[in-house]
file structure_20.cif (mmCIF, C-alpha atoms and all ligand atoms)
data_final
loop_
_atom_site.label_atom_id
_atom_site.label_comp_id
_atom_site.auth_asym_id
_atom_site.auth_seq_id
_atom_site.Cartn_x
_atom_site.Cartn_y
_atom_site.Cartn_z
CA MET A 18 -28.99 102.88 2.65
CA ASP A 19 -29.71 101.46 6.05
CA GLY A 20 -26.04 101.72 6.98
CA LEU A 21 -26.01 105.40 6.07
CA LYS A 22 -29.22 106.05 8.06
CA VAL A 23 -27.79 104.34 11.13
CA ALA A 24 -24.57 106.34 10.75
CA LEU A 25 -26.58 109.56 10.49
CA GLU A 26 -28.72 108.66 13.45
CA SER A 27 -25.73 107.84 15.63
CA ARG A 28 -24.12 111.12 14.58
CA GLN A 29 -27.31 112.94 15.49
CA LEU A 30 -27.35 111.10 18.78
CA VAL A 31 -23.80 112.20 19.53
CA VAL A 32 -24.66 115.81 18.67
CA LEU A 33 -27.83 115.61 20.77
CA THR A 34 -25.96 114.09 23.72
CA LEU A 35 -23.19 116.68 23.50
CA SER A 36 -25.58 119.60 23.25
CA THR A 37 -27.75 118.29 26.09
CA THR A 38 -24.64 117.89 28.25
CA ALA A 39 -23.56 121.42 27.35
CA VAL A 40 -26.97 122.82 28.26
CA ILE A 41 -27.02 120.99 31.60
CA ALA A 42 -23.45 122.10 32.40
CA ALA A 43 -24.27 125.70 31.52
CA GLY A 44 -27.44 125.50 33.62
CA LEU A 45 -25.54 124.14 36.63
CA ALA A 46 -22.86 126.79 36.25
CA TYR A 47 -25.56 129.47 36.09
CA LEU A 48 -27.32 128.09 39.19
CA LYS A 49 -24.03 127.98 41.08
CA TRP A 50 -23.22 131.53 39.98
CA ARG A 51 -26.56 132.99 40.95
CA ARG A 52 -26.93 131.00 44.17
CA PRO A 53 -27.58 133.41 47.02
CA ARG A 54 -24.97 133.80 49.74
CA THR A 55 -27.21 131.83 52.04
CA VAL A 56 -27.42 128.26 50.79
CA ASN A 57 -30.88 127.05 49.82
CA ARG A 58 -32.21 125.88 53.15
CA GLN A 59 -35.86 125.31 53.88
CA TYR A 60 -36.72 127.95 56.46
CA VAL A 61 -39.98 128.31 58.31
CA PRO A 62 -40.97 131.21 60.57
CA VAL A 63 -41.18 130.24 64.27
CA GLY A 64 -41.45 133.54 66.10
CA HIS A 65 -39.72 136.82 66.75
CA VAL A 66 -36.64 138.21 68.46
CA SER A 67 -37.87 139.25 71.91
CA LYS A 68 -34.60 140.16 73.62
CA ILE A 69 -31.02 140.89 72.69
CA TYR A 70 -28.27 140.97 75.33
CA VAL A 71 -24.69 142.15 74.97
CA HIS A 72 -22.33 141.43 77.89
CA PRO A 73 -19.29 143.69 77.52
CA VAL A 74 -17.55 141.94 80.46
CA LYS A 75 -17.84 138.20 80.98
CA SER A 76 -20.00 137.28 83.99
CA CYS A 77 -21.05 140.90 84.53
CA ARG A 78 -24.51 142.27 83.84
CA GLY A 79 -25.58 142.29 80.19
CA LEU A 80 -27.09 145.22 78.34
CA GLU A 81 -30.59 144.58 77.03
CA VAL A 82 -30.66 146.34 73.68
CA GLY A 83 -33.00 147.00 70.76
CA GLU A 84 -30.54 145.95 68.08
CA ALA A 85 -27.01 144.63 67.71
CA GLU A 86 -24.58 143.56 65.04
CA VAL A 87 -24.02 139.83 64.72
CA THR A 88 -20.39 139.17 63.84
CA LYS A 89 -18.39 135.96 63.52
CA LEU A 90 -16.87 136.78 66.93
CA GLY A 91 -20.21 137.41 68.61
CA LEU A 92 -22.52 140.39 69.13
CA ARG A 93 -21.23 143.91 68.78
CA LEU A 94 -22.85 147.07 70.12
CA GLU A 95 -21.44 150.52 69.41
CA GLY A 96 -18.03 149.00 68.76
CA VAL A 97 -18.14 146.93 71.97
CA MET A 98 -17.98 143.15 71.60
CA ASP A 99 -19.89 140.65 73.69
CA ARG A 100 -17.60 139.14 76.35
CA HIS A 101 -14.30 140.43 75.04
CA LEU A 102 -13.40 141.78 78.50
CA LEU A 103 -12.58 139.39 81.31
CA ILE A 104 -11.82 139.78 85.01
CA LEU A 105 -8.77 137.90 86.26
CA TYR A 106 -8.14 137.01 89.88
CA LYS A 107 -4.53 136.14 90.66
CA ASP A 108 -3.86 135.78 86.92
CA ARG A 109 -6.63 133.26 86.39
CA PHE A 110 -10.05 133.97 84.91
CA LEU A 111 -12.77 134.72 87.37
CA ASP A 112 -16.37 133.94 86.77
CA GLY A 113 -19.63 134.47 88.54
CA ARG A 114 -19.59 131.03 90.13
CA THR A 115 -16.66 131.90 92.33
CA GLU A 116 -17.51 135.58 92.85
CA PRO A 117 -21.25 135.99 92.26
CA ARG A 118 -21.19 139.70 93.10
CA VAL A 119 -19.65 140.42 89.69
CA VAL A 120 -23.16 140.20 88.19
CA LEU A 121 -23.83 143.55 89.92
CA ILE A 122 -21.17 145.24 87.80
CA SER A 123 -23.01 146.83 84.91
CA PRO A 124 -20.70 147.75 82.02
CA GLN A 125 -22.04 150.36 79.61
CA CYS A 126 -21.05 151.47 76.11
CA ALA A 127 -19.28 154.81 76.44
CA GLY A 128 -19.01 155.60 72.72
CA ASP A 129 -16.17 154.97 70.29
CA GLY A 130 -15.96 151.32 71.34
CA GLN A 131 -15.12 152.23 74.93
CA VAL A 132 -16.65 150.67 78.03
CA ARG A 133 -17.66 152.34 81.29
CA LEU A 134 -17.87 150.22 84.43
CA GLU A 135 -20.72 150.95 86.85
CA ALA A 136 -21.70 149.23 90.10
CA PRO A 137 -23.73 150.05 93.21
CA GLY A 138 -21.82 152.46 95.46
CA MET A 139 -19.02 152.99 92.96
CA ASP A 140 -17.98 155.97 90.86
CA PRO A 141 -18.24 154.98 87.18
CA LEU A 142 -14.95 154.29 85.41
CA THR A 143 -14.47 154.69 81.67
CA LEU A 144 -11.78 152.20 80.76
CA PRO A 145 -8.62 153.65 79.34
CA LYS A 146 -7.41 152.18 76.03
CA PRO A 147 -5.69 148.84 76.78
CA ASN A 148 -2.02 149.05 77.62
CA LYS A 149 -0.19 147.00 75.01
CA GLN A 150 2.78 146.22 77.25
CA LYS A 151 1.23 143.45 79.29
CA VAL A 152 -0.45 140.49 77.59
CA TYR A 153 -1.87 137.58 79.56
CA ASP A 154 -2.22 134.03 78.23
CA ILE A 155 -5.78 133.06 78.97
CA SER A 156 -6.68 129.40 79.16
CA MET A 157 -10.37 129.09 79.86
CA PHE A 158 -12.67 126.10 79.31
CA GLU A 159 -9.91 124.29 77.40
CA LEU A 160 -9.45 127.07 74.84
CA ASP A 161 -6.38 129.28 74.77
CA GLY A 162 -6.24 132.91 73.77
CA ASP A 163 -4.75 136.08 75.07
CA GLY A 164 -5.87 139.30 76.66
CA VAL A 165 -4.34 142.76 76.92
CA ASP A 166 -4.20 144.30 80.38
CA CYS A 167 -6.64 147.19 80.82
CA GLY A 168 -4.38 148.95 83.31
CA PRO A 169 -4.15 149.82 87.00
CA GLU A 170 -7.26 152.02 87.24
CA ALA A 171 -9.52 149.17 86.16
CA ALA A 172 -7.77 146.79 88.56
CA ALA A 173 -8.13 149.24 91.46
CA TRP A 174 -11.81 149.80 90.66
CA LEU A 175 -12.49 146.04 90.72
CA GLU A 176 -10.49 145.61 93.92
CA GLN A 177 -12.49 148.35 95.61
CA PHE A 178 -15.84 146.90 94.55
CA LEU A 179 -14.98 143.26 95.25
CA GLY A 180 -13.16 144.13 98.47
CA LYS A 181 -9.78 142.46 98.02
CA PRO A 182 -6.59 142.79 95.98
CA GLY A 183 -5.55 140.55 93.09
CA TYR A 184 -7.89 141.57 90.26
CA ARG A 185 -7.05 142.66 86.72
CA LEU A 186 -9.25 143.35 83.72
CA VAL A 187 -8.08 142.08 80.32
CA MET A 188 -9.36 142.60 76.82
CA SER A 189 -9.44 140.35 73.80
CA ALA A 190 -8.43 143.22 71.53
CA PRO A 191 -8.69 143.16 67.72
CA GLY A 192 -5.09 141.89 67.47
CA SER A 193 -5.34 139.43 70.37
CA LYS A 194 -5.13 135.69 69.86
CA LYS A 195 -8.74 134.47 69.77
CA ARG A 196 -9.89 131.20 71.26
CA HIS A 197 -10.71 128.60 68.58
CA THR A 198 -13.94 126.73 69.21
CA ASP A 199 -12.81 123.68 67.22
CA GLN A 200 -9.97 123.10 69.68
CA HIS A 201 -12.49 122.15 72.36
CA PRO A 202 -13.08 118.38 72.64
CA LYS A 203 -16.85 118.97 72.73
CA TYR A 204 -16.79 121.02 69.54
CA LYS A 205 -13.93 119.54 67.54
CA ASP A 206 -16.21 117.67 65.13
CA ILE A 207 -18.85 120.40 65.11
CA ALA A 208 -17.18 123.79 64.86
CA LYS A 209 -15.66 125.24 61.71
CA PRO A 210 -12.08 126.56 61.57
CA ASP A 211 -13.30 130.16 61.57
CA ASP A 212 -15.43 129.73 64.71
CA LYS A 213 -13.44 131.88 67.13
CA VAL A 214 -14.33 133.75 70.30
CA GLY A 215 -13.01 136.29 72.76
CA PHE A 216 -14.04 135.27 76.28
CA GLN A 217 -17.43 133.72 75.55
CA HIS A 218 -17.46 130.16 76.93
CA GLU A 219 -16.78 128.43 73.63
CA THR A 220 -19.08 129.80 70.94
CA ALA A 221 -19.93 133.16 69.44
CA LEU A 222 -23.60 133.10 70.45
CA MET A 223 -26.06 131.58 72.86
CA LEU A 224 -29.71 131.48 71.94
CA ALA A 225 -32.76 130.63 74.07
CA SER A 226 -36.54 130.87 73.90
CA GLU A 227 -39.13 132.58 76.10
CA ALA A 228 -41.25 129.43 76.02
CA SER A 229 -38.46 127.33 77.52
CA LEU A 230 -38.06 129.83 80.36
CA SER A 231 -41.84 129.85 81.00
CA ASP A 232 -41.89 126.06 81.01
CA LEU A 233 -39.15 126.01 83.63
CA ASN A 234 -40.76 128.80 85.67
CA ASN A 235 -44.02 126.83 85.80
CA LYS A 236 -42.09 124.23 87.76
CA LEU A 237 -40.39 126.66 90.19
CA ASP A 238 -41.78 128.24 93.38
CA THR A 239 -40.19 131.56 92.47
CA PRO A 240 -39.65 132.37 88.81
CA VAL A 241 -36.17 133.15 87.51
CA ALA A 242 -35.31 135.71 84.85
CA MET A 243 -33.89 135.20 81.39
CA ARG A 244 -30.80 136.95 82.75
CA ASN A 245 -30.06 133.86 84.85
CA PHE A 246 -29.19 132.10 81.57
CA ARG A 247 -27.21 134.90 79.97
CA PRO A 248 -28.28 134.32 76.34
CA ASN A 249 -27.51 136.73 73.49
CA ILE A 250 -30.68 136.25 71.46
CA VAL A 251 -34.09 135.31 72.83
CA VAL A 252 -36.93 134.07 70.63
CA SER A 253 -40.63 134.37 71.44
CA GLY A 254 -43.51 132.53 69.82
CA CYS A 255 -42.17 129.00 69.57
CA GLU A 256 -42.92 125.95 71.73
CA PRO A 257 -40.87 125.14 74.86
CA PHE A 258 -37.49 123.65 73.94
CA GLN A 259 -38.39 123.65 70.25
CA GLU A 260 -34.98 125.27 69.75
CA ASP A 261 -33.38 121.90 70.55
CA ASN A 262 -34.09 120.89 66.95
CA TRP A 263 -33.06 124.02 65.09
CA GLN A 264 -30.07 123.53 62.81
CA TYR A 265 -29.97 127.00 61.29
CA VAL A 266 -31.63 130.22 62.34
CA ARG A 267 -32.15 133.14 60.01
CA ILE A 268 -32.99 136.64 61.23
CA GLY A 269 -33.03 139.21 58.42
CA GLU A 270 -29.75 138.80 56.58
CA VAL A 271 -28.14 137.04 59.54
CA GLU A 272 -27.68 133.30 59.49
CA ILE A 273 -26.75 131.39 62.62
CA ARG A 274 -25.56 127.79 62.80
CA ARG A 275 -26.40 125.60 65.76
CA MET A 276 -23.53 123.84 67.47
CA LEU A 277 -24.78 122.11 70.63
CA PRO A 278 -27.46 122.35 73.29
CA CYS A 279 -26.07 124.58 76.04
CA ASN A 280 -25.27 122.63 79.19
CA ARG A 281 -25.83 124.74 82.28
CA CYS A 282 -23.77 125.33 85.41
CA LEU A 283 -24.08 126.99 88.81
CA MET A 284 -23.91 130.43 87.20
CA THR A 285 -27.63 130.04 86.49
CA THR A 286 -28.27 129.95 90.26
CA VAL A 287 -26.87 133.46 90.81
CA ASP A 288 -29.68 135.98 91.20
CA PRO A 289 -28.87 138.66 88.60
CA GLU A 290 -30.41 141.40 90.78
CA THR A 291 -28.86 140.56 94.16
CA GLY A 292 -25.64 138.79 93.17
CA MET A 293 -26.41 135.91 95.55
CA LYS A 294 -26.45 132.20 94.78
CA ASN A 295 -29.75 130.42 95.36
CA GLY A 296 -29.43 128.27 98.50
CA THR A 297 -31.21 125.29 96.99
CA GLN A 298 -29.38 125.45 93.63
CA GLU A 299 -32.46 126.57 91.75
CA PRO A 300 -33.19 126.73 88.87
CA LEU A 301 -30.43 124.22 88.10
CA LYS A 302 -31.92 121.48 90.29
CA THR A 303 -35.36 121.62 88.67
CA LEU A 304 -33.83 121.87 85.22
CA ARG A 305 -31.82 118.75 86.00
CA SER A 306 -35.05 116.87 86.81
CA TYR A 307 -36.18 116.99 83.18
CA ARG A 308 -33.53 118.45 80.94
CA LEU A 309 -30.59 116.04 81.07
CA THR A 310 -29.56 114.77 77.65
CA LYS A 311 -31.30 111.62 76.46
CA ASP A 312 -28.82 111.23 73.63
CA GLU A 313 -26.39 108.37 74.39
CA LYS A 314 -23.74 110.11 72.32
CA TYR A 315 -23.80 113.12 74.63
CA LYS A 316 -24.22 111.49 78.05
CA ALA A 317 -20.48 111.49 78.62
CA VAL A 318 -20.16 115.07 77.37
CA PHE A 319 -22.96 116.73 79.36
CA GLY A 320 -23.16 114.40 82.36
CA GLN A 321 -25.44 115.85 85.05
CA SER A 322 -25.43 119.26 83.48
CA PRO A 323 -28.94 120.06 82.18
CA LEU A 324 -29.64 121.68 78.83
CA PHE A 325 -31.15 125.10 78.20
CA GLY A 326 -30.66 127.03 74.97
CA LEU A 327 -28.27 126.47 72.09
CA THR A 328 -24.67 127.41 71.46
CA CYS A 329 -24.22 128.73 67.95
CA GLY A 330 -21.76 129.99 65.38
CA VAL A 331 -22.33 132.69 62.80
CA GLU A 332 -22.61 131.87 59.08
CA GLN A 333 -23.69 135.25 57.81
CA GLU A 334 -23.13 138.53 59.63
CA GLY A 335 -25.60 141.42 59.84
CA VAL A 336 -27.82 143.41 62.18
CA ILE A 337 -30.72 142.04 64.22
CA HIS A 338 -33.49 143.97 65.94
CA ILE A 339 -36.15 143.26 68.54
CA GLY A 340 -39.30 142.17 66.69
CA ASP A 341 -37.48 140.66 63.69
CA THR A 342 -39.05 137.45 62.42
CA VAL A 343 -37.05 134.35 63.27
CA TYR A 344 -36.87 131.63 60.63
CA VAL A 345 -35.45 128.20 61.33
CA CYS A 346 -34.33 125.17 59.43
CA THR A 347 -34.51 121.83 61.27
C1 LIG B 1 -34.20 129.58 95.57
O1 LIG B 1 -35.10 129.24 94.53
C2 LIG B 1 -36.35 128.77 94.99
C3 LIG B 1 -37.15 128.28 93.78
O2 LIG B 1 -37.26 129.28 92.81
C4 LIG B 1 -37.06 129.85 95.76
O3 LIG B 1 -38.31 129.41 96.23
C5 LIG B 1 -36.17 130.28 96.91
O4 LIG B 1 -36.77 131.37 97.56
C6 LIG B 1 -34.79 130.68 96.44
N1 LIG B 1 -33.92 130.91 97.57
C7 LIG B 1 -33.16 132.00 97.67
C8 LIG B 1 -32.32 132.10 98.88
O5 LIG B 1 -33.16 132.88 96.84
#
call {"tool": "encode", "arguments": {"input": "structure_20.cif", "output": "structure tokens", "more": "lines below"}}
Ligand SMILES: *[C@@H]1O[C@H](CO)[C@@H](O)[C@H](O)[C@H]1NC(C)=O
result
Amino acid sequence: MDGLKVALESRQLVVLTLSTTAVIAAGLAYLKWRRPRTVNRQYVPVGHVSKIYVHPVKSCRGLEVGEAEVTKLGLRLEGVMDRHLLILYKDRFLDGRTEPRVVLISPQCAGDGQVRLEAPGMDPLTLPKPNKQKVYDISMFELDGDGVDCGPEAAAWLEQFLGKPGYRLVMSAPGSKKRHTDQHPKYKDIAKPDDKVGFQHETALMLASEASLSDLNNKLDTPVAMRNFRPNIVVSGCEPFQEDNWQYVRIGEVEIRRMLPCNRCLMTTVDPETGMKNGTQEPLKTLRSYRLTKDEKYKAVFGQSPLFGLTCGVEQEGVIHIGDTVYVCT
């Protein structure tokens, strides 16, 4: 009798174990199936989007806008990508550190994805569609891509404004070779294979906070503007430099992934309204007095370059607007 009971019990046990396993497996499969596109991260609200900037031409003035699309390749406004146009001087990329007056060039969206160049004392120029014949290899900040020549009118316009020959404008067009963030030594263990950019430094987005700017301005004789730092997305409502600890940022349907703190260069010393470098290297000098990395791992990477804002990649694309609530995951 006992033997039969034991046999029955062990059979029941097997059935019970199998059915429990089946239920758990089905449950896991269901959870995996219904998991939202954004992974379950613990987000808390920290503030709001206070500014959005799109810079159609690298180093030139950005457009402050009410909304923009966030794409894997950076912000897009009316079909115009952030920093997918680049000025070359003698076939090499030019940036605002070597020719600070470029910040006075104010590119506008001219509809249908086209860009119109404007600058003080210049007739506006709507860029013709890029000429596919001439493609430049662009090696910039250790990342290689290419750019299609925007033609002789754009070159002549730049030469007239900047006062010497040797300029070209190139575009990272939809078919152009993009620059891969993970090929940069600084980002090779951080970026994902689909983190690619046009002519942004290395990452699709740069994010900063109003509080960090105020904190810095409290230490300066003359305040600087957010434009000195050229971010894409600015957050209000958080504490100064709280963004240092954000791992993910969610704004509406958009999800942004932090890569590194943004280490700053002399470009921040160019006055965005006058196009002149600050004689005493402010705000960089003051920033350096309290914003050098304390992380041993990054001392060699950032050196004497102080940190302000975050460089980020895009996990989930979508549209962001001024006033949207910003959620973060630390
Ligand atoms: C440089 O920045 C400092 C500090 O903000 C300011 O007091 C000074 O006037 C600036 N100099 C120039 C030439 O803009």
call {"tool": "residues_around", "arguments": {"input": "structure_20.cif", "residues": "Val82 of chain A", "least_positions_apart": "3", "cutoff": "12 Å", "atoms": "only C-alpha atoms", "output": "ChimeraX atom specification"}}
result
/A:66-72,79,85-86,92-95,125-126,249-251,337-340
call {"tool": "residues_around", "arguments": {"input": "structure_20.cif", "residues": "Thr303 of chain A", "least_positions_apart": "6", "cutoff": "8 Å", "atoms": "all atoms listed in the file", "output": "compact mmCIF listing (two decimals) with C-alpha atoms, keeping the file's coordinate frame"}}
result
# COMPACT_ATOMS: atom_id res chain seq x y z
CA LEU A 233 -39.15 126.01 83.63
CA LYS A 236 -42.09 124.23 87.76
CA LEU A 237 -40.39 126.66 90.19
call {"tool": "closest_residue", "arguments": {"input": "structure_20.cif", "among": "A:Leu327, A:Val241, A:Leu309, A:Val266", "to": "ligand LIG 1 (chain B)", "atoms": "all atoms listed in the file"}}
result
A:Val241
call {"tool": "closest_atom_pairs", "arguments": {"input": "structure_20.cif", "of": "segment 55-149 of chain A", "to": "segment 158-175 of chain A", "cutoff": "9 Å", "atoms": "all atoms listed in the file", "output": "CSV"}}
result
residue,atom,partner,partner_atom,distance
A:His101,CA,A:Gly164,CA,8.7
A:Leu102,CA,A:Gly164,CA,8.1
A:Leu103,CA,A:Gly164,CA,8.2
A:Ile104,CA,A:Leu175,CA,8.5
A:Leu134,CA,A:Ala171,CA,8.6
A:Met139,CA,A:Trp174,CA,8.2
A:Asp140,CA,A:Trp174,CA,8.7
A:Pro141,CA,A:Trp174,CA,9.0
A:Leu142,CA,A:Ala171,CA,7.5
A:Thr143,CA,A:Ala171,CA,8.7
A:Leu144,CA,A:Ala171,CA,6.6
A:Pro145,CA,A:Cys167,CA,6.9
A:Lys146,CA,A:Cys167,CA,7.0
A:Pro147,CA,A:Cys167,CA,4.5
A:Asn148,CA,A:Asp166,CA,5.9
A:Lys149,CA,A:Val165,CA,6.2
call {"tool": "atom_distance", "arguments": {"input": "structure_20.cif", "atom1": "atom CA of Glu334 of chain A", "atom2": "atom CA of Arg274 of chain A"}}
result
11.5 Å
call {"tool": "residues_around", "arguments": {"input": "structure_20.cif", "residues": "Arg267 of chain A", "least_positions_apart": "6", "cutoff": "8 Å", "atoms": "all atoms listed in the file", "output": "VMD selection string"}}
result
chain A and resid 60 273 343 to 345
call {"tool": "residues_near_ligand", "arguments": {"input": "structure_20.cif", "ligand": "ligand LIG 1 (chain B)", "cutoff": "10 Å", "atoms": "all atoms listed in the file", "output": "count of residues only"}}
result
23
call {"tool": "atom_distance", "arguments": {"input": "structure_20.cif", "atom1": "atom CA of Gln200 of chain A", "atom2": "atom CA of Gln217 of chain A"}}
result
14.2 Å
call {"tool": "atom_distance", "arguments": {"input": "structure_20.cif", "atom1": "atom CA of Phe246 of chain A", "atom2": "atom CA of Pro182 of chain A"}}
result
28.9 Å
call {"tool": "axis_aligned_box", "arguments": {"input": "structure_20.cif", "around": "segment 267-283 of chain A", "padding_each_side": "5 Å", "output": "JSON"}}
result
{"center_x": -28.3, "center_y": 130.7, "center_z": 72.7, "size_x": 19.5, "size_y": 27.1, "size_z": 42.2}
call {"tool": "residues_around", "arguments": {"input": "structure_20.cif", "residues": "Asn280 of chain A", "least_positions_apart": "6", "cutoff": "6 Å", "atoms": "only C-alpha atoms", "output": "list of chain:residue names"}}
result
A:Ser322, A:Pro323, A:Leu324
call {"tool": "closest_residue", "arguments": {"input": "structure_20.cif", "among": "A:Glu227, A:Glu116, A:Glu290, A:Asp206", "to": "Ser253 of chain A", "atoms": "all atoms listed in the file"}}
result
A:Glu227
call {"tool": "closest_residue", "arguments": {"input": "structure_20.cif", "among": "A:Leu222, A:Cys329, A:Glu256, A:Tyr315", "to": "Arg275 of chain A", "atoms": "all atoms listed in the file"}}
result
A:Cys329
call {"tool": "residues_near_point", "arguments": {"input": "structure_20.cif", "point": "(-14.5, 126.0, 69.8)", "cutoff": "8 Å", "atoms": "all atoms listed in the file", "output": "JSON list (two decimals) with C-alpha atoms, in the frame of the given file"}}
result
[["chain", "number", "residue", "atom", "x", "y", "z"],
["A", 160, "LEU", "CA", -9.45, 127.07, 74.84],
["A", 196, "ARG", "CA", -9.89, 131.20, 71.26],
["A", 197, "HIS", "CA", -10.71, 128.60, 68.58],
["A", 198, "THR", "CA", -13.94, 126.73, 69.21],
["A", 199, "ASP", "CA", -12.81, 123.68, 67.22],
["A", 200, "GLN", "CA", -9.97, 123.10, 69.68],
["A", 201, "HIS", "CA", -12.49, 122.15, 72.36],
["A", 203, "LYS", "CA", -16.85, 118.97, 72.73],
["A", 204, "TYR", "CA", -16.79, 121.02, 69.54],
["A", 205, "LYS", "CA", -13.93, 119.54, 67.54],
["A", 208, "ALA", "CA", -17.18, 123.79, 64.86],
["A", 212, "ASP", "CA", -15.43, 129.73, 64.71],
["A", 213, "LYS", "CA", -13.44, 131.88, 67.13],
["A", 214, "VAL", "CA", -14.33, 133.75, 70.30],
["A", 219, "GLU", "CA", -16.78, 128.43, 73.63],
["A", 220, "THR", "CA", -19.08, 129.80, 70.94]]
call {"tool": "closest_residue", "arguments": {"input": "structure_20.cif", "among": "A:Leu80, A:Leu230, A:Ala42, A:Val63", "to": "Cys346 of chain A", "atoms": "all atoms listed in the file"}}
result
A:Val63
call {"tool": "residues_around", "arguments": {"input": "structure_20.cif", "residues": "segment 270-272 of chain A", "least_positions_apart": "5", "cutoff": "8 Å", "atoms": "all atoms listed in the file", "output": "ChimeraX atom specification"}}
result
/A:55,87,265,331-337
call {"tool": "decode", "arguments": {"input": "structure_20.cif", "residues": "segment 71-89 of chain A", "atoms": "C-alpha atoms", "output": "compact mmCIF listing (two decimals), in the first residue's frame"}}
result
# COMPACT_ATOMS: atom_id res chain seq x y z
CA VAL A 71 19.30 72.70 -33.66
CA HIS A 72 22.59 73.70 -35.34
CA PRO A 73 22.22 73.10 -39.08
CA VAL A 74 25.92 73.94 -39.65
CA LYS A 75 28.58 72.85 -37.19
CA SER A 76 30.04 75.76 -35.19
CA CYS A 77 27.50 78.21 -36.62
CA ARG A 78 24.63 79.72 -34.66
CA GLY A 79 21.95 77.29 -33.50
CA LEU A 80 18.22 77.72 -33.93
CA GLU A 81 16.30 77.89 -30.67
CA VAL A 82 13.09 76.03 -31.39
CA GLY A 83 9.85 74.99 -29.69
CA GLU A 84 10.04 71.36 -30.76
CA ALA A 85 12.26 68.99 -32.70
CA GLU A 86 12.45 65.37 -33.74
CA VAL A 87 14.98 63.26 -31.87
CA THR A 88 16.51 60.74 -34.26
CA LYS A 89 19.34 58.24 -33.86
